[in-house]
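Reproduced below: work02.pdb, with PDB, C-alpha atoms, pLDDT in the B column.
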```
ATOM      1  CA  MET A   1      -2.638 -20.811   5.496  1.00 61.00           C
ATOM      2  CA  ARG A   2      -4.352 -23.949   6.776  1.00 67.00           C
ATOM      3  CA  ALA A   3      -1.471 -26.121   5.536  1.00 70.00           C
ATOM      4  CA  ILE A   4       0.962 -24.237   7.791  1.00 71.00           C
ATOM      5  CA  TRP A   5      -1.124 -23.013  10.728  1.00 66.00           C
ATOM      6  CA  GLY A   6      -4.199 -25.243  10.633  1.00 74.00           C
ATOM      7  CA  PRO A   7      -7.677 -23.735  10.801  1.00 82.00           C
ATOM      8  CA  VAL A   8      -7.417 -20.161  12.079  1.00 82.00           C
ATOM      9  CA  SER A   9     -10.452 -18.007  12.835  1.00 85.00           C
ATOM     10  CA  ARG A  10     -10.666 -14.360  11.854  1.00 86.00           C
ATOM     11  CA  GLU A  11     -10.357 -13.417  15.519  1.00 90.00           C
ATOM     12  CA  GLU A  12      -7.226 -15.573  15.982  1.00 88.00           C
ATOM     13  CA  SER A  13      -5.653 -14.087  12.872  1.00 87.00           C
ATOM     14  CA  THR A  14      -6.440 -10.560  14.082  1.00 91.00           C
ATOM     15  CA  GLU A  15      -4.868 -11.357  17.444  1.00 93.00           C
ATOM     16  CA  ARG A  16      -1.692 -12.724  15.813  1.00 91.00           C
ATOM     17  CA  ILE A  17      -1.285  -9.577  13.727  1.00 91.00           C
ATOM     18  CA  LEU A  18      -1.962  -7.367  16.754  1.00 95.00           C
ATOM     19  CA  SER A  19       0.510  -9.265  18.970  1.00 94.00           C
ATOM     20  CA  ALA A  20       3.285  -9.010  16.387  1.00 94.00           C
ATOM     21  CA  ALA A  21       2.645  -5.283  15.863  1.00 96.00           C
ATOM     22  CA  LEU A  22       2.623  -4.479  19.573  1.00 95.00           C
ATOM     23  CA  ALA A  23       5.894  -6.389  20.029  1.00 96.00           C
ATOM     24  CA  ALA A  24       7.650  -4.216  17.417  1.00 95.00           C
ATOM     25  CA  PRO A  25      10.095  -1.573  18.712  1.00 94.00           C
ATOM     26  CA  LEU A  26       8.359   1.715  19.510  1.00 92.00           C
ATOM     27  CA  GLU A  27      11.283   3.818  18.232  1.00 91.00           C
ATOM     28  CA  ALA A  28      10.824   2.567  14.658  1.00 90.00           C
ATOM     29  CA  PRO A  29       7.851   3.377  12.436  1.00 93.00           C
ATOM     30  CA  LEU A  30       5.403   0.503  12.183  1.00 95.00           C
ATOM     31  CA  VAL A  31       4.763  -0.709   8.631  1.00 96.00           C
ATOM     32  CA  PHE A  32       2.471  -3.613   7.779  1.00 97.00           C
ATOM     33  CA  LEU A  33       3.436  -5.795   4.816  1.00 95.00           C
ATOM     34  CA  SER A  34       0.678  -8.143   3.733  1.00 93.00           C
ATOM     35  CA  HIS A  35      -0.159 -10.318   0.760  1.00 90.00           C
ATOM     36  CA  ALA A  36      -3.702  -8.919   0.494  1.00 90.00           C
ATOM     37  CA  GLY A  37      -4.973  -5.549   1.668  1.00 93.00           C
ATOM     38  CA  PRO A  38      -7.539  -4.815   4.360  1.00 96.00           C
ATOM     39  CA  SER A  39     -11.269  -4.501   3.925  1.00 94.00           C
ATOM     40  CA  GLY A  40     -12.767  -1.036   4.162  1.00 94.00           C
ATOM     41  CA  LEU A  41     -10.916   0.652   1.299  1.00 94.00           C
ATOM     42  CA  GLY A  42     -13.885   0.694  -1.072  1.00 91.00           C
ATOM     43  CA  SER A  43     -16.139  -1.659  -2.978  1.00 92.00           C
ATOM     44  CA  LEU A  44     -15.702  -0.479  -6.567  1.00 87.00           C
ATOM     45  CA  ALA A  45     -13.713  -2.602  -9.004  1.00 84.00           C
ATOM     46  CA  THR A  46     -11.206   0.268  -9.258  1.00 85.00           C
ATOM     47  CA  ASP A  47     -10.667   0.521  -5.479  1.00 86.00           C
ATOM     48  CA  LEU A  48      -7.463  -0.789  -3.894  1.00 84.00           C
ATOM     49  CA  CYS A  49      -9.021  -4.134  -2.920  1.00 87.00           C
ATOM     50  CA  GLY A  50     -12.085  -4.077  -5.170  1.00 86.00           C
ATOM     51  CA  ARG A  51     -13.154  -7.297  -6.880  1.00 84.00           C
ATOM     52  CA  ASP A  52     -12.955  -6.720 -10.648  1.00 87.00           C
ATOM     53  CA  TRP A  53     -13.151 -10.245 -12.097  1.00 86.00           C
ATOM     54  CA  LYS A  54     -16.776 -10.985 -11.189  1.00 87.00           C
ATOM     55  CA  SER A  55     -19.991  -8.947 -10.938  1.00 88.00           C
ATOM     56  CA  PRO A  56     -20.977  -7.303  -8.830  1.00 91.00           C
ATOM     57  CA  ALA A  57     -17.808  -5.524  -7.781  1.00 89.00           C
ATOM     58  CA  ARG A  58     -17.249  -5.549  -4.021  1.00 89.00           C
ATOM     59  CA  ASP A  59     -14.700  -5.036  -1.270  1.00 88.00           C
ATOM     60  CA  TRP A  60     -12.319  -8.021  -1.423  1.00 89.00           C
ATOM     61  CA  GLY A  61     -10.036  -6.936   1.423  1.00 90.00           C
ATOM     62  CA  ASP A  62      -9.214  -9.027   4.482  1.00 92.00           C
ATOM     63  CA  GLN A  63     -11.337  -8.336   7.554  1.00 94.00           C
ATOM     64  CA  ASP A  64      -8.741  -9.635  10.009  1.00 94.00           C
ATOM     65  CA  LEU A  65      -6.183  -7.150   8.711  1.00 95.00           C
ATOM     66  CA  SER A  66      -8.696  -4.304   8.887  1.00 96.00           C
ATOM     67  CA  GLU A  67      -9.593  -5.192  12.482  1.00 96.00           C
ATOM     68  CA  ALA A  68      -5.917  -5.457  13.457  1.00 96.00           C
ATOM     69  CA  ILE A  69      -5.173  -2.045  11.938  1.00 97.00           C
ATOM     70  CA  ALA A  70      -7.979  -0.454  13.972  1.00 96.00           C
ATOM     71  CA  GLN A  71      -6.747  -2.087  17.183  1.00 96.00           C
ATOM     72  CA  VAL A  72      -3.064  -1.262  16.612  1.00 97.00           C
ATOM     73  CA  ARG A  73      -3.856   2.418  16.046  1.00 96.00           C
ATOM     74  CA  ARG A  74      -5.322   2.594  19.560  1.00 95.00           C
ATOM     75  CA  HIS A  75      -1.793   1.923  20.853  1.00 95.00           C
ATOM     76  CA  ARG A  76       0.574   3.491  18.322  1.00 95.00           C
ATOM     77  CA  PRO A  77       0.688   5.189  14.918  1.00 95.00           C
ATOM     78  CA  LEU A  78       0.589   3.035  11.796  1.00 96.00           C
ATOM     79  CA  PRO A  79       1.864   5.203   8.942  1.00 97.00           C
ATOM     80  CA  LEU A  80       1.887   2.594   6.159  1.00 97.00           C
ATOM     81  CA  VAL A  81       0.283  -0.656   5.011  1.00 97.00           C
ATOM     82  CA  VAL A  82       1.798  -2.235   1.865  1.00 96.00           C
ATOM     83  CA  PHE A  83       0.200  -5.152   0.041  1.00 93.00           C
ATOM     84  CA  GLY A  84      -0.334  -6.661  -3.370  1.00 86.00           C
ATOM     85  CA  HIS A  85      -2.608  -9.416  -4.660  1.00 80.00           C
ATOM     86  CA  MET A  86      -4.988  -7.071  -6.525  1.00 76.00           C
ATOM     87  CA  HIS A  87      -3.290  -6.285  -9.851  1.00 75.00           C
ATOM     88  CA  HIS A  88      -3.200  -2.667 -10.983  1.00 74.00           C
ATOM     89  CA  ARG A  89      -4.506  -3.533 -14.444  1.00 74.00           C
ATOM     90  CA  LEU A  90      -8.159  -4.552 -14.148  1.00 73.00           C
ATOM     91  CA  TRP A  91      -9.595  -7.746 -15.603  1.00 74.00           C
ATOM     92  CA  LEU A  92     -10.673  -7.705 -19.279  1.00 68.00           C
ATOM     93  CA  GLY A  93      -9.229  -4.270 -20.056  1.00 66.00           C
ATOM     94  CA  GLN A  94     -11.492  -2.381 -17.651  1.00 75.00           C
ATOM     95  CA  GLY A  95      -8.762   0.158 -16.883  1.00 83.00           C
ATOM     96  CA  GLU A  96      -6.494   0.687 -13.909  1.00 84.00           C
ATOM     97  CA  ARG A  97      -7.018   0.207 -10.197  1.00 84.00           C
ATOM     98  CA  ARG A  98      -6.216   2.986  -7.741  1.00 87.00           C
ATOM     99  CA  SER A  99      -3.111   1.899  -5.889  1.00 90.00           C
ATOM    100  CA  PHE A 100      -2.797   4.445  -3.081  1.00 96.00           C
ATOM    101  CA  GLN A 101      -4.926   6.178  -0.492  1.00 96.00           C
ATOM    102  CA  ILE A 102      -4.719   7.648   2.987  1.00 97.00           C
ATOM    103  CA  ASP A 103      -7.542   7.034   5.446  1.00 95.00           C
ATOM    104  CA  ARG A 104      -8.999   9.441   8.001  1.00 93.00           C
ATOM    105  CA  GLY A 105      -6.700   8.042  10.687  1.00 92.00           C
ATOM    106  CA  GLY A 106      -3.623   9.017   8.663  1.00 94.00           C
ATOM    107  CA  THR A 107      -2.605   5.512   7.587  1.00 97.00           C
ATOM    108  CA  ALA A 108      -1.428   5.238   3.976  1.00 97.00           C
ATOM    109  CA  TYR A 109      -2.245   2.145   1.904  1.00 97.00           C
ATOM    110  CA  LEU A 110      -0.057   1.147  -1.037  1.00 96.00           C
ATOM    111  CA  ASN A 111      -1.003  -1.644  -3.418  1.00 94.00           C
ATOM    112  CA  ALA A 112       2.296  -2.732  -4.975  1.00 92.00           C
ATOM    113  CA  ALA A 113       0.851  -5.348  -7.381  1.00 87.00           C
ATOM    114  CA  SER A 114       2.112  -4.078 -10.723  1.00 81.00           C
ATOM    115  CA  VAL A 115       1.933  -7.127 -13.000  1.00 77.00           C
ATOM    116  CA  PRO A 116       4.100  -7.945 -14.780  1.00 75.00           C
ATOM    117  CA  ARG A 117       6.967  -6.485 -12.732  1.00 83.00           C
ATOM    118  CA  HIS A 118       9.305  -6.963 -15.674  1.00 87.00           C
ATOM    119  CA  GLY A 119       8.489  -5.257 -18.961  1.00 89.00           C
ATOM    120  CA  THR A 120       9.748  -3.324 -21.945  1.00 90.00           C
ATOM    121  CA  ASP A 121       9.028   0.293 -22.856  1.00 90.00           C
ATOM    122  CA  GLU A 122       8.300   1.702 -26.337  1.00 92.00           C
ATOM    123  CA  GLN A 123      12.024   2.149 -26.982  1.00 93.00           C
ATOM    124  CA  GLY A 124      12.733  -1.514 -26.246  1.00 94.00           C
ATOM    125  CA  ARG A 125      14.400  -0.855 -22.878  1.00 94.00           C
ATOM    126  CA  ARG A 126      13.830  -3.579 -20.317  1.00 95.00           C
ATOM    127  CA  LEU A 127      12.162  -2.318 -17.133  1.00 94.00           C
ATOM    128  CA  ARG A 128      11.723  -3.440 -13.545  1.00 95.00           C
ATOM    129  CA  HIS A 129       8.887  -2.114 -11.334  1.00 93.00           C
ATOM    130  CA  PHE A 130       9.374  -1.117  -7.709  1.00 95.00           C
ATOM    131  CA  SER A 131       6.974   0.545  -5.293  1.00 95.00           C
ATOM    132  CA  TRP A 132       8.856   3.273  -3.439  1.00 96.00           C
ATOM    133  CA  VAL A 133       8.097   4.988  -0.132  1.00 96.00           C
ATOM    134  CA  GLU A 134      10.003   7.443   2.014  1.00 96.00           C
ATOM    135  CA  LEU A 135       9.316   7.859   5.730  1.00 95.00           C
ATOM    136  CA  SER A 136      10.875  10.335   8.153  1.00 93.00           C
ATOM    137  CA  ASP A 137      10.200  10.423  11.884  1.00 91.00           C
ATOM    138  CA  GLY A 138       7.299   8.028  11.368  1.00 91.00           C
ATOM    139  CA  ALA A 139       5.586  10.207   8.751  1.00 93.00           C
ATOM    140  CA  LEU A 140       5.109   9.366   5.098  1.00 96.00           C
ATOM    141  CA  LEU A 141       6.935  11.825   2.857  1.00 96.00           C
ATOM    142  CA  HIS A 142       6.656  10.213  -0.574  1.00 97.00           C
ATOM    143  CA  ALA A 143       5.077   7.245  -2.354  1.00 97.00           C
ATOM    144  CA  SER A 144       5.471   6.290  -6.000  1.00 96.00           C
ATOM    145  CA  HIS A 145       5.647   3.483  -8.520  1.00 94.00           C
ATOM    146  CA  ARG A 146       8.995   3.457 -10.281  1.00 96.00           C
ATOM    147  CA  TRP A 147      10.350   1.658 -13.307  1.00 94.00           C
ATOM    148  CA  TYR A 148      14.098   1.182 -13.547  1.00 95.00           C
ATOM    149  CA  GLY A 149      16.307   0.092 -16.413  1.00 96.00           C
ATOM    150  CA  LEU A 150      18.576  -2.906 -16.014  1.00 95.00           C
ATOM    151  CA  ASP A 151      21.445  -0.475 -15.406  1.00 96.00           C
ATOM    152  CA  GLY A 152      19.655   0.811 -12.279  1.00 95.00           C
ATOM    153  CA  ARG A 153      18.629   4.179 -13.751  1.00 96.00           C
ATOM    154  CA  LEU A 154      15.171   5.488 -12.906  1.00 96.00           C
ATOM    155  CA  LEU A 155      13.314   5.764 -16.221  1.00 96.00           C
ATOM    156  CA  TYR A 156       9.695   6.408 -15.177  1.00 95.00           C
ATOM    157  CA  GLN A 157       7.951   7.471 -12.000  1.00 95.00           C
ATOM    158  CA  GLN A 158       4.265   7.643 -11.137  1.00 94.00           C
ATOM    159  CA  ARG A 159       4.086   9.881  -8.066  1.00 96.00           C
ATOM    160  CA  LEU A 160       1.254   8.802  -5.785  1.00 96.00           C
ATOM    161  CA  TYR A 161       1.927  11.064  -2.804  1.00 96.00           C
ATOM    162  CA  GLN A 162       4.300  13.876  -1.941  1.00 96.00           C
ATOM    163  CA  ARG A 163       4.027  15.605   1.417  1.00 92.00           C
ATOM    164  CA  ALA A 164       4.022  19.360   1.086  1.00 83.00           C
ATOM    165  CA  PRO A 165       7.179  20.953   2.482  1.00 75.00           C
ATOM    166  CA  HIS A 166       6.879  22.906   5.706  1.00 61.00           C
ATOM    167  CA  PRO A 167       6.843  26.705   5.321  1.00 57.00           C
ATOM    168  CA  GLU A 168      10.065  28.565   5.969  1.00 53.00           C
ATOM    169  CA  PRO A 169      10.634  29.529   9.650  1.00 52.00           C
ATOM    170  CA  ALA A 170      10.167  33.250   8.860  1.00 50.00           C
ATOM    171  CA  LEU A 171       6.811  32.490   7.255  1.00 43.00           C
ATOM    172  CA  GLN A 172       5.752  30.361  10.217  1.00 44.00           C
ATOM    173  CA  ALA A 173       6.426  33.287  12.567  1.00 42.00           C
ATOM    174  CA  ALA A 174       4.425  35.616  10.348  1.00 42.00           C
ATOM    175  CA  VAL A 175       1.488  33.221  10.266  1.00 39.00           C
ATOM    176  CA  ARG A 176       1.390  33.038  14.094  1.00 37.00           C
ATOM    177  CA  CYS A 177       0.989  36.828  14.488  1.00 32.00           C
TER     178      CYS A 177
END
```
Can you turn what I pasted into structure tokens?
Amino acid sequence: MRAIWGPVSREESTERILSAALAAPLEAPLVFLSHAGPSGLGSLATDLCGRDWKSPARDWGDQDLSEAIAQVRRHRPLPLVVFGHMHHRLWLGQGERRSFQIDRGGTAYLNAASVPRHGTDEQGRRLRHFSWVELSDGALLHASHRWYGLDGRLLYQQRLYQRAPHPEPALQAAVRC
């Protein structure tokens, strides 16, 4: 970052993120895409931004991003933050990292760092990993990790989130009575 922007303080970085977010069109859902995730998502090695390569485990998320998220949500909804950096497979075979959560403010966090992105399954089929989300009217409907064959067919899916469907209109009327 210093090579491109020079020395930037945490406050300046937060302000840059906030300015860009507030300049985004209001009619479109706001989605943050970041290399690393924000701080505040947990301090265990298995958490979305937890440090797993050195003891003790701790929160390794970016404070500027966390501060910008809090400030942006005072002005508009932020349904989704997508990032990577922290590999799903933990260091030295310690298991898998959680890769999805929703905070109390309703923002969903998706760690897309499946490494390697290219692999082979038990049947010898070559696979490509994609993180998949579906939004509608600014609300998250679905999040998953998906592995596709080279022919574009979906071969595996790890569903992380699926919004429950709304009740039928007749049921809604009955519930109101």
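Of note, CA of Ser114 in chain A and CA of His85 in chain A are spaced 9.4 Å apart.
Picture a line from CA of Asp121 in chain A to CA of Leu150 in chain A; it runs 12.2 Å.
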Sort by chain and increasing residue number a table of all residues of range 84-154 of chain A within 10 Å of range 27-40 of chain A, each with its closest pair of atoms and their distance in Å to one decimal, counting all atoms listed in the file, and write it as JSON lines.
```
{"residue": "A:Gly84", "atom": "CA", "partner": "A:His35", "partner_atom": "CA", "distance": 5.5}
{"residue": "A:His85", "atom": "CA", "partner": "A:Ala36", "partner_atom": "CA", "distance": 5.3}
{"residue": "A:Met86", "atom": "CA", "partner": "A:Ala36", "partner_atom": "CA", "distance": 7.4}
{"residue": "A:Asp103", "atom": "CA", "partner": "A:Gly40", "partner_atom": "CA", "distance": 9.7}
{"residue": "A:Thr107", "atom": "CA", "partner": "A:Val31", "partner_atom": "CA", "distance": 9.7}
{"residue": "A:Ala108", "atom": "CA", "partner": "A:Val31", "partner_atom": "CA", "distance": 9.8}
{"residue": "A:Tyr109", "atom": "CA", "partner": "A:Gly37", "partner_atom": "CA", "distance": 8.2}
{"residue": "A:Leu110", "atom": "CA", "partner": "A:Gly37", "partner_atom": "CA", "distance": 8.7}
{"residue": "A:Asn111", "atom": "CA", "partner": "A:Gly37", "partner_atom": "CA", "distance": 7.5}
{"residue": "A:Ala112", "atom": "CA", "partner": "A:His35", "partner_atom": "CA", "distance": 9.8}
{"residue": "A:Ala113", "atom": "CA", "partner": "A:His35", "partner_atom": "CA", "distance": 9.6}
{"residue": "A:Leu135", "atom": "CA", "partner": "A:Pro29", "partner_atom": "CA", "distance": 8.2}
{"residue": "A:Ser136", "atom": "CA", "partner": "A:Pro29", "partner_atom": "CA", "distance": 8.7}
{"residue": "A:Asp137", "atom": "CA", "partner": "A:Pro29", "partner_atom": "CA", "distance": 7.4}
{"residue": "A:Gly138", "atom": "CA", "partner": "A:Pro29", "partner_atom": "CA", "distance": 4.8}
{"residue": "A:Ala139", "atom": "CA", "partner": "A:Pro29", "partner_atom": "CA", "distance": 8.1}
{"residue": "A:Leu140", "atom": "CA", "partner": "A:Pro29", "partner_atom": "CA", "distance": 9.9}
```
Using all atoms listed in the file, find the one residue out of A:Pro77, A:Ser43, A:Ala68, A:Ala57 that sits nearest to Arg16 in chain A.
A:Ala68
Where does the PyMOL selection byres ((chain A and resi 160-163) around 8) land in this file, that is, which residues does it pick, as a ChimeraX atom specification?
/A:100,140-145,158-159,164-165
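One finds CA of Trp53 in chain A at 12.3 Å from CA of Arg97 in chain A.
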I'd like the neighbourhood of Val72 in chain A as an MDAnalysis selection string, where a residue qualifies if any of its atoms comes within 12 Å (using only C-alpha atoms), though same-chain residues fewer than 2 positions away should be ignored.
chainID A and resid 14:24 30:32 65:70 74:79 105 107
Rank A:Ser55, A:Gln101, A:Thr46, A:Gln157 by their smallest atom-to-atom distance to Phe130 in chain A, using only C-alpha atoms, and report the top residue only.
A:Gln157
Considering only C-alpha atoms, state which residue in the set A:Trp91, A:Tyr148, A:Tyr156, A:Phe83 is at the smallest distance from Gly61 in chain A.
A:Phe83
Compare A:Arg10, A:Val81, A:Glu122, A:Gly95 by their minimum atom-to-atom distance to Asp52 in chain A, counting all atoms listed in the file, and give me the closest one.
A:Gly95
Could you work out an axis-aligned box for range 110-114 of chain A, taking every atom the file lists and adding 3 Å on each side, and report centre and edge lengths in Å to one decimal, as JSON?
```
{"center_x": 0.6, "center_y": -2.1, "center_z": -5.9, "size_x": 9.3, "size_y": 12.5, "size_z": 15.7}
```
All residues 8 Å or closer to Asp47 in chain A, all atoms listed in the file, same chain fewer than 3 positions away omitted, as a list in words
Leu41, Gly42, Ser43, Leu44, Gly50, Arg97, Arg98 and Ser99 of chain A
Take the residues just selected and output them with C-alpha atoms as a PDB file, in the coordinates of the input.
```pdb
ATOM      1  CA  LEU A  41     -10.916   0.652   1.299  1.00 94.00           C
ATOM      2  CA  GLY A  42     -13.885   0.694  -1.072  1.00 91.00           C
ATOM      3  CA  SER A  43     -16.139  -1.659  -2.978  1.00 92.00           C
ATOM      4  CA  LEU A  44     -15.702  -0.479  -6.567  1.00 87.00           C
ATOM      5  CA  GLY A  50     -12.085  -4.077  -5.170  1.00 86.00           C
ATOM      6  CA  ARG A  97      -7.018   0.207 -10.197  1.00 84.00           C
ATOM      7  CA  ARG A  98      -6.216   2.986  -7.741  1.00 87.00           C
ATOM      8  CA  SER A  99      -3.111   1.899  -5.889  1.00 90.00           C
TER       9      SER A  99
END
```
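Within the 9 Å cut-off around Glu96 in chain A, using all atoms listed in the file and omitting residues fewer than 4 positions from it on the same chain, the listed residues are A:Thr46, A:His87, A:His88, A:Arg89, A:Leu90.
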Name the residues that the PyMOL selection byres ((chain A and resi 151) around 12) pulls out of this structure, and write them as a PyMOL selection string.
chain A and resi 125-128+147-150+152-155
